[in-house]
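Student: Dropping in input-v3.txt, which is compact mmCIF, C-alpha atoms:
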```txt
# COMPACT_ATOMS: atom_id res chain seq x y z
CA MET A 173 0.00 0.00 0.00
CA SER A 174 0.98 3.61 -0.39
CA ALA A 175 2.00 6.11 2.26
CA GLN A 176 -1.71 6.46 3.03
CA THR A 177 -1.69 3.27 5.08
CA HIS A 178 -2.87 3.38 8.67
CA ARG A 179 0.39 3.49 10.61
CA ARG A 180 -0.95 4.18 14.10
CA PRO A 181 -3.62 2.42 16.16
CA PHE A 182 -6.90 4.26 16.16
CA VAL A 183 -7.74 3.79 19.80
CA PRO A 184 -6.54 2.58 23.18
CA SER A 185 -2.78 2.35 22.59
CA ALA A 186 -2.78 6.13 22.79
CA ALA A 187 -3.64 5.72 26.43
CA ALA A 188 0.02 4.84 26.98
CA SER A 189 0.79 8.54 27.08
CA ALA A 190 -1.87 8.98 29.74
CA VAL A 191 -1.14 6.02 32.06
CA PRO A 192 -0.11 7.19 35.55
CA ALA A 193 3.38 6.39 36.80
CA THR A 194 2.02 3.77 39.19
CA VAL A 195 1.12 1.53 36.24
CA ASP A 196 4.06 -0.46 34.91
CA THR A 197 4.21 0.01 31.13
CA SER A 198 7.69 -1.50 30.80
CA THR A 199 6.32 -5.03 30.55
CA PRO A 200 7.32 -6.59 27.21
CA GLN A 201 4.71 -6.69 24.49
CA LEU A 202 2.08 -9.33 25.05
CA SER A 203 0.84 -11.41 22.15
CA GLY A 204 -1.48 -9.13 20.23
CA ASP A 205 -2.13 -5.70 21.55
CA GLY A 206 0.52 -4.99 24.17
CA ARG A 207 0.45 -4.12 27.83
CA VAL A 208 -1.62 -0.93 27.77
CA ILE A 209 -4.29 -2.31 25.47
CA ASP A 210 -4.41 -5.42 27.62
CA LEU A 211 -5.13 -3.20 30.64
CA CYS A 212 -7.84 -1.40 28.68
CA GLU A 213 -9.45 -4.63 27.54
CA ARG A 214 -9.47 -6.02 31.05
CA GLY A 215 -11.28 -2.89 32.22
CA TRP A 216 -8.45 -1.99 34.59
CA LEU A 217 -8.15 1.60 33.33
CA PRO A 218 -10.96 4.09 33.97
CA ASP A 219 -13.05 5.16 31.01
CA ALA A 220 -11.98 8.79 31.45
CA LEU A 221 -8.32 7.82 31.08
CA VAL A 222 -9.00 5.67 28.02
CA ARG A 223 -10.98 8.48 26.40
CA PHE A 224 -8.17 10.93 27.14
CA GLY A 225 -5.71 8.64 25.41
CA MET A 226 -8.01 8.40 22.41
CA ARG A 227 -8.15 12.17 22.08
CA ARG A 228 -4.37 12.37 22.30
CA LEU A 229 -4.11 9.88 19.47
CA MET A 230 -6.45 11.94 17.30
CA VAL A 231 -4.03 14.86 17.54
CA GLU A 232 -1.27 12.54 16.32
CA ARG A 233 -3.45 11.23 13.49
CA LEU A 234 -4.15 14.72 12.19
CA ARG A 235 -0.46 15.57 12.31
CA ASP A 236 0.60 12.34 10.61
CA GLU A 237 -1.94 12.85 7.82
CA ALA A 238 -0.51 16.34 7.12
CA LEU A 239 -3.67 18.24 7.97
CA ASP A 240 -1.81 21.57 7.99
CA ASP A 241 0.50 20.92 5.02
CA GLY A 242 -1.42 21.48 1.80
CA GLU A 243 1.19 20.04 -0.56
CA ALA A 244 1.77 16.90 1.46
CA ARG A 245 -1.96 16.42 1.92
CA SER A 246 -2.50 16.68 -1.84
CA GLN A 247 0.27 14.16 -2.54
CA ARG A 248 -1.18 11.73 -0.05
CA LEU A 249 -4.65 12.09 -1.55
CA ASN A 250 -3.35 11.32 -5.04
CA LEU A 251 -1.54 8.24 -3.76
CA LEU A 252 -4.74 7.10 -2.09
CA LEU A 253 -6.75 7.67 -5.26
CA ASP A 254 -4.23 5.57 -7.20
CA ASP A 255 -4.63 2.82 -4.60
CA LEU A 256 -8.41 2.91 -4.73
CA ARG A 257 -8.56 2.85 -8.54
CA ALA A 258 -6.20 -0.14 -8.63
CA SER A 259 -8.20 -2.07 -6.02
CA PRO A 260 -11.23 -4.33 -6.33
CA ILE A 261 -14.57 -2.90 -5.20
CA ALA A 262 -13.90 -4.15 -1.66
CA ILE A 263 -11.35 -6.13 0.31
CA GLU A 264 -11.65 -8.09 3.55
CA THR A 265 -15.42 -8.29 3.14
CA GLN A 266 -15.69 -11.45 5.21
CA ALA A 267 -13.72 -9.87 8.04
CA ALA A 268 -16.03 -6.86 8.12
CA ASN A 269 -19.05 -9.13 8.03
CA THR A 270 -17.76 -11.25 10.90
CA GLN A 271 -16.71 -8.29 13.04
CA HIS A 272 -20.11 -6.61 12.99
CA TYR A 273 -22.85 -8.48 11.23
CA GLU A 274 -22.59 -12.12 12.22
CA VAL A 275 -22.73 -11.26 15.91
CA PRO A 276 -26.19 -12.45 17.02
CA PRO A 277 -28.86 -9.75 16.71
CA ASP A 278 -29.89 -10.34 20.33
CA PHE A 279 -26.73 -8.51 21.39
CA PHE A 280 -27.58 -5.41 19.35
CA ALA A 281 -31.31 -5.57 20.04
CA ALA A 282 -30.51 -5.28 23.73
CA HIS A 283 -28.81 -1.88 23.46
CA LEU A 284 -29.43 -0.22 20.09
CA GLY A 285 -32.62 1.75 19.54
CA PRO A 286 -35.92 0.06 18.64
CA HIS A 287 -35.15 0.30 14.90
CA LEU A 288 -31.70 -1.32 15.44
CA LYS A 289 -30.09 1.52 13.51
CA TYR A 290 -26.37 0.73 13.64
CA SER A 291 -25.25 4.10 12.28
CA CYS A 292 -25.32 7.77 13.16
CA CYS A 293 -28.65 9.09 14.42
CA LEU A 294 -29.89 12.69 14.40
CA TYR A 295 -30.47 15.03 17.35
CA PRO A 296 -32.16 18.22 16.09
CA THR A 297 -32.51 19.64 19.62
CA GLY A 298 -29.85 17.57 21.37
CA ASP A 299 -32.35 16.22 23.90
CA GLU A 300 -33.75 13.35 21.84
CA THR A 301 -33.89 9.81 23.09
CA LEU A 302 -32.14 7.20 20.99
CA ALA A 303 -35.51 6.08 19.61
CA GLN A 304 -36.40 9.63 18.59
CA ALA A 305 -32.96 10.21 17.07
CA GLU A 306 -33.26 7.06 14.96
CA VAL A 307 -36.53 8.24 13.45
CA ALA A 308 -35.23 11.77 12.92
CA MET A 309 -32.36 10.48 10.77
CA LEU A 310 -34.59 8.06 8.85
CA GLU A 311 -36.93 10.92 8.03
CA LEU A 312 -33.97 13.03 6.90
CA TYR A 313 -32.95 10.24 4.51
CA ALA A 314 -36.44 10.19 3.03
CA SER A 315 -36.36 13.93 2.43
CA ARG A 316 -32.84 14.12 1.00
CA ALA A 317 -33.21 10.98 -1.15
CA GLU A 318 -36.57 12.26 -2.45
CA LEU A 319 -38.35 9.02 -1.63
CA ALA A 320 -41.95 8.53 -2.71
CA ASP A 321 -44.52 5.77 -2.53
CA GLY A 322 -44.52 3.48 -5.56
CA GLN A 323 -40.78 3.64 -6.17
CA ARG A 324 -38.48 0.63 -6.52
CA ILE A 325 -35.83 1.13 -3.83
CA LEU A 326 -32.59 -0.71 -3.10
CA ASP A 327 -31.15 -0.57 0.43
CA LEU A 328 -27.48 -1.34 -0.13
CA GLY A 329 -25.80 -2.85 2.93
CA CYS A 330 -28.99 -2.94 4.96
CA GLY A 331 -27.73 -3.98 8.40
CA TRP A 332 -30.58 -5.33 10.53
CA GLY A 333 -33.14 -3.66 8.30
CA SER A 334 -33.65 -0.36 10.14
CA LEU A 335 -34.10 1.60 6.91
CA SER A 336 -35.65 -1.18 4.82
CA LEU A 337 -38.34 -2.01 7.36
CA TRP A 338 -39.06 1.68 7.97
CA MET A 339 -39.41 2.37 4.23
CA ALA A 340 -41.57 -0.71 3.67
CA ALA A 341 -44.00 0.47 6.34
CA ARG A 342 -43.98 4.13 5.31
CA TYR A 343 -44.34 3.47 1.56
CA PRO A 344 -46.71 0.49 1.23
CA ARG A 345 -46.84 0.65 -2.59
CA ALA A 346 -43.04 0.81 -2.92
CA LYS A 347 -40.98 -2.30 -3.67
CA ILE A 348 -37.99 -2.52 -1.34
CA VAL A 349 -34.98 -4.77 -1.97
CA ALA A 350 -32.45 -5.05 0.86
CA LEU A 351 -28.93 -6.32 0.06
CA SER A 352 -26.89 -7.81 2.90
CA ASN A 353 -23.74 -9.90 3.03
CA SER A 354 -25.04 -11.68 6.14
CA HIS A 355 -27.35 -14.70 6.18
CA GLY A 356 -28.17 -13.93 9.81
CA GLN A 357 -29.31 -10.43 8.93
CA ARG A 358 -31.47 -11.76 6.12
CA ALA A 359 -33.27 -14.15 8.46
CA PHE A 360 -33.71 -11.41 11.05
CA ILE A 361 -35.17 -8.91 8.57
CA GLU A 362 -37.48 -11.45 6.99
CA ALA A 363 -38.79 -12.44 10.43
CA ARG A 364 -39.38 -8.80 11.38
CA ALA A 365 -41.17 -8.14 8.08
CA ALA A 366 -43.42 -11.16 8.61
CA GLU A 367 -44.26 -10.04 12.15
CA ARG A 368 -45.33 -6.65 10.82
CA GLY A 369 -47.22 -7.96 7.81
CA LEU A 370 -44.90 -6.25 5.33
CA THR A 371 -45.07 -7.93 1.94
CA ASN A 372 -43.25 -5.27 -0.13
CA LEU A 373 -39.76 -6.07 1.17
CA SER A 374 -37.39 -8.77 -0.09
CA VAL A 375 -33.85 -9.50 1.08
CA VAL A 376 -30.95 -10.60 -1.11
CA THR A 377 -27.80 -12.10 0.43
CA GLY A 378 -24.64 -11.23 -1.43
CA ASN A 379 -21.30 -9.45 -1.43
CA ILE A 380 -21.59 -6.17 -3.33
CA ALA A 381 -18.16 -6.81 -4.85
CA THR A 382 -19.38 -9.94 -6.64
CA VAL A 383 -23.18 -10.16 -6.50
CA GLU A 384 -25.20 -9.81 -9.69
CA LEU A 385 -28.92 -9.17 -9.39
CA SER A 386 -31.21 -11.20 -11.60
CA ASP A 387 -33.59 -9.61 -14.11
CA ALA A 388 -36.45 -10.46 -11.77
CA GLN A 389 -34.74 -8.74 -8.86
CA LEU A 390 -33.96 -5.69 -10.97
CA ASP A 391 -37.39 -5.57 -12.62
CA GLY A 392 -36.36 -2.77 -14.96
CA GLY A 393 -34.04 -1.07 -12.48
CA PHE A 394 -34.34 0.93 -9.28
CA ASP A 395 -35.70 4.43 -8.88
CA ARG A 396 -33.66 4.99 -5.74
CA VAL A 397 -30.59 3.36 -4.22
CA LEU A 398 -29.69 4.19 -0.63
CA SER A 399 -26.52 3.20 1.19
CA ILE A 400 -25.98 3.94 4.87
CA GLU A 401 -22.44 3.55 6.23
CA MET A 402 -21.43 0.88 3.75
CA PHE A 403 -19.14 2.88 1.44
CA GLU A 404 -16.55 3.08 4.26
CA HIS A 405 -15.95 -0.65 3.72
CA MET A 406 -15.31 -0.14 -0.02
CA LYS A 407 -12.19 0.64 -2.04
CA ASN A 408 -12.74 1.10 -5.79
CA TYR A 409 -15.58 3.61 -5.82
CA GLY A 410 -15.41 3.91 -9.60
CA LEU A 411 -16.27 0.23 -10.09
CA LEU A 412 -18.88 0.39 -7.34
CA LEU A 413 -20.71 3.38 -8.81
CA ALA A 414 -20.56 1.89 -12.29
CA LYS A 415 -22.19 -1.27 -10.97
CA LEU A 416 -24.92 0.70 -9.21
CA ALA A 417 -25.54 2.82 -12.30
CA HIS A 418 -26.21 -0.40 -14.22
CA TRP A 419 -28.93 -1.27 -11.71
CA MET A 420 -30.59 2.16 -11.86
CA ARG A 421 -33.20 3.57 -14.19
CA ASP A 422 -32.30 6.56 -16.36
CA ASP A 423 -33.81 9.10 -13.95
CA ALA A 424 -32.82 7.26 -10.75
CA LYS A 425 -30.86 8.70 -7.86
CA LEU A 426 -28.38 7.35 -5.33
CA PHE A 427 -28.30 8.61 -1.74
CA VAL A 428 -25.18 7.88 0.30
CA HIS A 429 -24.57 8.38 4.04
CA ILE A 430 -20.94 7.92 5.09
CA PHE A 431 -18.82 9.05 7.96
CA ALA A 432 -15.90 11.19 6.84
CA HIS A 433 -13.16 13.63 7.72
CA ARG A 434 -13.60 17.17 6.43
CA THR A 435 -10.39 17.05 4.32
CA LEU A 436 -8.39 13.86 4.97
CA ALA A 437 -8.84 10.38 3.50
CA TYR A 438 -6.86 7.31 4.50
CA HIS A 439 -6.83 3.51 4.68
CA PHE A 440 -7.39 1.42 7.77
CA GLN A 441 -4.90 -1.42 7.72
CA VAL A 442 -3.65 -3.92 10.26
CA GLN A 443 0.12 -3.55 10.39
CA ASP A 444 0.97 -4.82 13.87
CA GLY A 445 -0.60 -6.09 17.06
CA SER A 446 -1.27 -2.60 18.39
CA ASP A 447 -3.52 -1.59 15.48
CA TRP A 448 -6.63 -2.14 17.56
CA MET A 449 -9.50 -0.61 15.59
CA SER A 450 -8.45 -2.06 12.25
CA LYS A 451 -7.85 -5.45 13.81
CA TYR A 452 -11.15 -5.88 15.61
CA PHE A 453 -13.70 -3.53 14.04
CA PHE A 454 -12.65 -2.02 10.73
CA THR A 455 -10.44 -4.42 8.80
CA GLY A 456 -10.05 -3.33 5.18
CA GLY A 457 -11.91 -0.06 5.72
CA THR A 458 -11.45 3.45 4.39
CA MET A 459 -11.84 6.80 6.11
CA PRO A 460 -13.22 8.99 3.31
CA SER A 461 -12.79 12.72 3.12
CA GLU A 462 -15.89 14.79 2.48
CA ALA A 463 -14.81 15.33 -1.14
CA LEU A 464 -13.45 11.83 -1.89
CA LEU A 465 -16.47 10.57 -3.82
CA LEU A 466 -16.37 13.62 -6.09
CA ASN A 467 -13.36 12.00 -7.79
CA PHE A 468 -15.54 9.13 -9.07
CA GLN A 469 -18.28 10.66 -11.25
CA ASP A 470 -17.87 8.73 -14.50
CA ASP A 471 -21.26 7.01 -14.21
CA LEU A 472 -23.17 9.00 -11.60
CA ARG A 473 -23.11 12.78 -11.18
CA LEU A 474 -23.27 14.54 -7.84
CA GLU A 475 -26.42 16.61 -7.53
CA ARG A 476 -26.08 17.79 -3.93
CA GLN A 477 -24.18 17.11 -0.72
CA TRP A 478 -24.60 17.90 2.97
CA TRP A 479 -22.51 17.78 6.17
CA VAL A 480 -23.85 16.48 9.49
CA SER A 481 -21.90 17.53 12.60
CA GLY A 482 -19.94 14.78 14.28
CA THR A 483 -21.67 15.66 17.55
CA HIS A 484 -24.67 13.64 16.35
CA TYR A 485 -22.51 10.51 16.15
CA GLN A 486 -20.94 11.38 19.48
CA ARG A 487 -24.37 11.37 21.11
CA THR A 488 -25.37 8.18 19.28
CA ALA A 489 -22.31 6.23 20.45
CA ASN A 490 -22.58 7.50 24.01
CA GLN A 491 -26.22 6.41 24.14
CA TRP A 492 -25.25 2.98 22.78
CA LEU A 493 -22.59 2.73 25.48
CA ASP A 494 -24.96 3.76 28.26
CA ALA A 495 -27.53 1.24 27.05
CA LEU A 496 -24.93 -1.53 26.81
CA ASP A 497 -23.75 -0.84 30.35
CA ALA A 498 -27.34 -1.06 31.55
CA VAL A 499 -27.83 -4.55 30.06
CA ARG A 500 -24.39 -6.07 30.48
CA GLU A 501 -25.67 -9.00 32.51
CA ARG A 502 -28.37 -9.69 29.93
CA VAL A 503 -25.98 -9.77 26.97
CA MET A 504 -23.26 -11.86 28.59
CA PRO A 505 -24.84 -15.22 27.61
CA THR A 506 -24.89 -14.07 23.99
CA LEU A 507 -21.26 -12.99 24.18
CA VAL A 508 -20.30 -16.30 25.79
CA ALA A 509 -22.04 -18.17 22.96
CA THR A 510 -20.31 -15.97 20.37
CA TYR A 511 -16.77 -15.59 21.73
CA GLY A 512 -16.49 -18.35 24.32
CA ALA A 513 -16.59 -18.16 28.11
CA ARG A 514 -12.91 -17.26 28.41
CA ASP A 515 -13.12 -14.20 26.10
CA ALA A 516 -16.67 -12.96 26.63
CA ALA A 517 -15.83 -10.36 29.28
CA ARG A 518 -12.92 -9.04 27.22
CA TRP A 519 -15.19 -8.71 24.19
CA LEU A 520 -17.77 -6.82 26.20
CA GLN A 521 -15.05 -4.36 27.10
CA ARG A 522 -13.90 -4.20 23.46
CA TRP A 523 -17.40 -3.21 22.42
CA ARG A 524 -17.43 -0.59 25.15
CA MET A 525 -14.07 0.73 23.91
CA PHE A 526 -15.37 0.76 20.35
CA TYR A 527 -18.31 2.96 21.32
CA MET A 528 -16.04 5.24 23.34
CA ALA A 529 -13.72 5.55 20.35
CA VAL A 530 -16.60 6.48 18.05
CA ALA A 531 -17.85 9.07 20.54
CA GLU A 532 -14.42 10.64 21.00
CA LEU A 533 -13.58 10.68 17.30
CA PHE A 534 -16.76 12.36 16.17
CA GLY A 535 -16.93 14.66 19.17
CA TYR A 536 -13.41 15.93 18.49
CA ALA A 537 -13.23 19.68 17.83
CA SER A 538 -16.94 20.02 18.58
CA GLY A 539 -17.84 17.70 15.68
CA ASN A 540 -16.09 19.81 13.04
CA GLU A 541 -13.18 17.49 12.22
CA TRP A 542 -14.87 14.13 11.61
CA GLY A 543 -18.58 13.95 10.85
CA VAL A 544 -21.16 12.46 8.49
CA ALA A 545 -21.50 13.34 4.81
CA HIS A 546 -24.64 12.91 2.73
CA TYR A 547 -24.65 12.83 -1.08
CA LEU A 548 -27.33 12.67 -3.73
CA PHE A 549 -26.12 11.35 -7.09
CA GLU A 550 -28.10 11.19 -10.29
CA ARG A 551 -27.60 8.78 -13.16
CA ARG A 552 -25.69 10.43 -15.98
CA ALA A 553 -27.44 10.59 -19.35
CA PHE A 554 -25.40 9.25 -22.26
```
Let's see the structure in the file written out as structure tokens.

Tutor:
Amino acid sequence: MSAQTHRRPFVPSAAASAVPATVDTSTPQLSGDGRVIDLCERGWLPDALVRFGMRRLMVERLRDEALDDGEARSQRLNLLLDDLRASPIAIETQAANTQHYEVPPDFFAAHLGPHLKYSCCLYPTGDETLAQAEVAMLELYASRAELADGQRILDLGCGWGSLSLWMAARYPRAKIVALSNSHGQRAFIEARAAERGLTNLSVVTGNIATVELSDAQLDGGFDRVLSIEMFEHMKNYGLLLAKLAHWMRDDAKLFVHIFAHRTLAYHFQVQDGSDWMSKYFFTGGTMPSEALLLNFQDDLRLERQWWVSGTHYQRTANQWLDALDAVRERVMPTLVATYGARDAARWLQRWRMFYMAVAELFGYASGNEWGVAHYLFERRAF
């Protein structure tokens, strides 16, 4: 990979600079993540200290990515673009699927909101409950994507069906197709749809990098394609958008929700045992910049874009963390079944650290450094 590779761990190892002198950090590296991360994962460091270390690491990340050096930043962006254009649509898709989407839904149902929205929610007043914030963001999608009843809509990377099920209920004459790389998610969504009497939703299992929809599934193409926090797992956006354009009608539109940095774009890559976030939660991922997708407009043209403050994701992740802490005893049997009795407690703490990392990243600089970007693309006429 180019110089854009992820050289530093995204989260807890930064806490090394914040560990008090009474903690011995001279212990040789343990297998995997090292002494400090081991302390974090055992829950032996207070959350406030771990969060402080995360914020310190973000300062280092911005420096390493040449935030304040325009020439270096431009060179790094061009190297990244070369990497992306030479890559397949996605890499490490099975790792991403295993890390997030093959974990039993009972775990997420216990602490996400009632729609199981596993992505940034929206807090117009800042006082919303998680349930209210889920609906607020879903309604914003509908407005910005220009959804209407009777459309054929593809939900690309549908998670546990938060958007698909919401659209199917809101637009009863629409035909919704949800695409997921997880068999478990498909079964979960189909069961939820049956419980609610929704007959206008179908689920397709497949990897976006390789799946081909049948003529029956396409049925003349989609009027709208929506993708919520899936593009961060992709690499070759040119190939991806070309594939989506092939599935879209001539006047169709694509709505994309991704998290992003305001100017920087970089790979996530596991390089050593201390690269915690890439190793456990974001293998093969990409941190896009707000303008990254504008470099891939051969088949779809950008019509409009928006920025959502990172403070909304900060609130979302903190509410997930609070809810997880409230049900830790309830979710432990699920974690034992998933990770084994020996590692279940460590994995609970890893999930807690993941949510803390999300909250600290998107809350950095009052939500003005990292945030959420929305885009509306239209199919180019040829």

Student: Using all atoms listed in the file, which protein or nucleic acid residues come within 8 Å of A:Val349? Drop anything in the same chain fewer than 6 positions from it, and give the result as an NGL selection string.

Tutor: :A and (324-327 or 336 or 373-376 or 389)

Student: For atom CA of A:Leu426 and atom CA of A:Leu413, quote the distance in Å rounded to one decimal.

Tutor: 9.3 Å

Student: Fewer than 4 positions away in the same chain doesn't count, so skip those; otherwise give me all residues within 10 Å of A:Ala320, counting only C-alpha atoms, as a list in words.

Tutor: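 Everything that qualifies: Ala314, Ser315, Arg324, Ile325, Met339, Arg342, Tyr343, Arg345, Ala346, Asp395 and Arg396 of chain A.
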
Student: Please dump the current selection as a PDB file, in the frame of the given file; keep C-alpha atoms.

Tutor:
```pdb
ATOM      1  CA  ALA A 314     -36.440  10.190   3.030  1.00  0.00           C
ATOM      2  CA  SER A 315     -36.360  13.930   2.430  1.00  0.00           C
ATOM      3  CA  ARG A 324     -38.480   0.630  -6.520  1.00  0.00           C
ATOM      4  CA  ILE A 325     -35.830   1.130  -3.830  1.00  0.00           C
ATOM      5  CA  MET A 339     -39.410   2.370   4.230  1.00  0.00           C
ATOM      6  CA  ARG A 342     -43.980   4.130   5.310  1.00  0.00           C
ATOM      7  CA  TYR A 343     -44.340   3.470   1.560  1.00  0.00           C
ATOM      8  CA  ARG A 345     -46.840   0.650  -2.590  1.00  0.00           C
ATOM      9  CA  ALA A 346     -43.040   0.810  -2.920  1.00  0.00           C
ATOM     10  CA  ASP A 395     -35.700   4.430  -8.880  1.00  0.00           C
ATOM     11  CA  ARG A 396     -33.660   4.990  -5.740  1.00  0.00           C
TER      12      ARG A 396
END
```

Student: Pick the closest to A:Ala244 from A:Ala381, A:Ala531, A:Leu436, A:Ile361: which is it, counting all atoms listed in the file?

Tutor: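 For A:Ala244, the nearest of the given residues is A:Leu436.
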
Student: Skip A:Leu253 itself and residues of its chain fewer than 2 positions away, then list as an MDAnalysis selection string all residues within 12 Å of it, counting only C-alpha atoms.

Tutor: chainID A and resid 173:176 246:251 255:259 407:410 437:439 458 460:461 463:468

Student: One decimal, in Å: what's the spacing between atom CA of A:Arg473 and atom CA of A:Met402?

Tutor: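 Answer for the atom CA of A:Arg473 to atom CA of A:Met402 separation: 19.2 Å.
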
Student: One decimal, in Å: what's the spacing between atom CA of A:Met226 and atom CA of A:Tyr536?

Tutor: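 Computed distance, atom CA of A:Met226 to atom CA of A:Tyr536, equals 10.1 Å.
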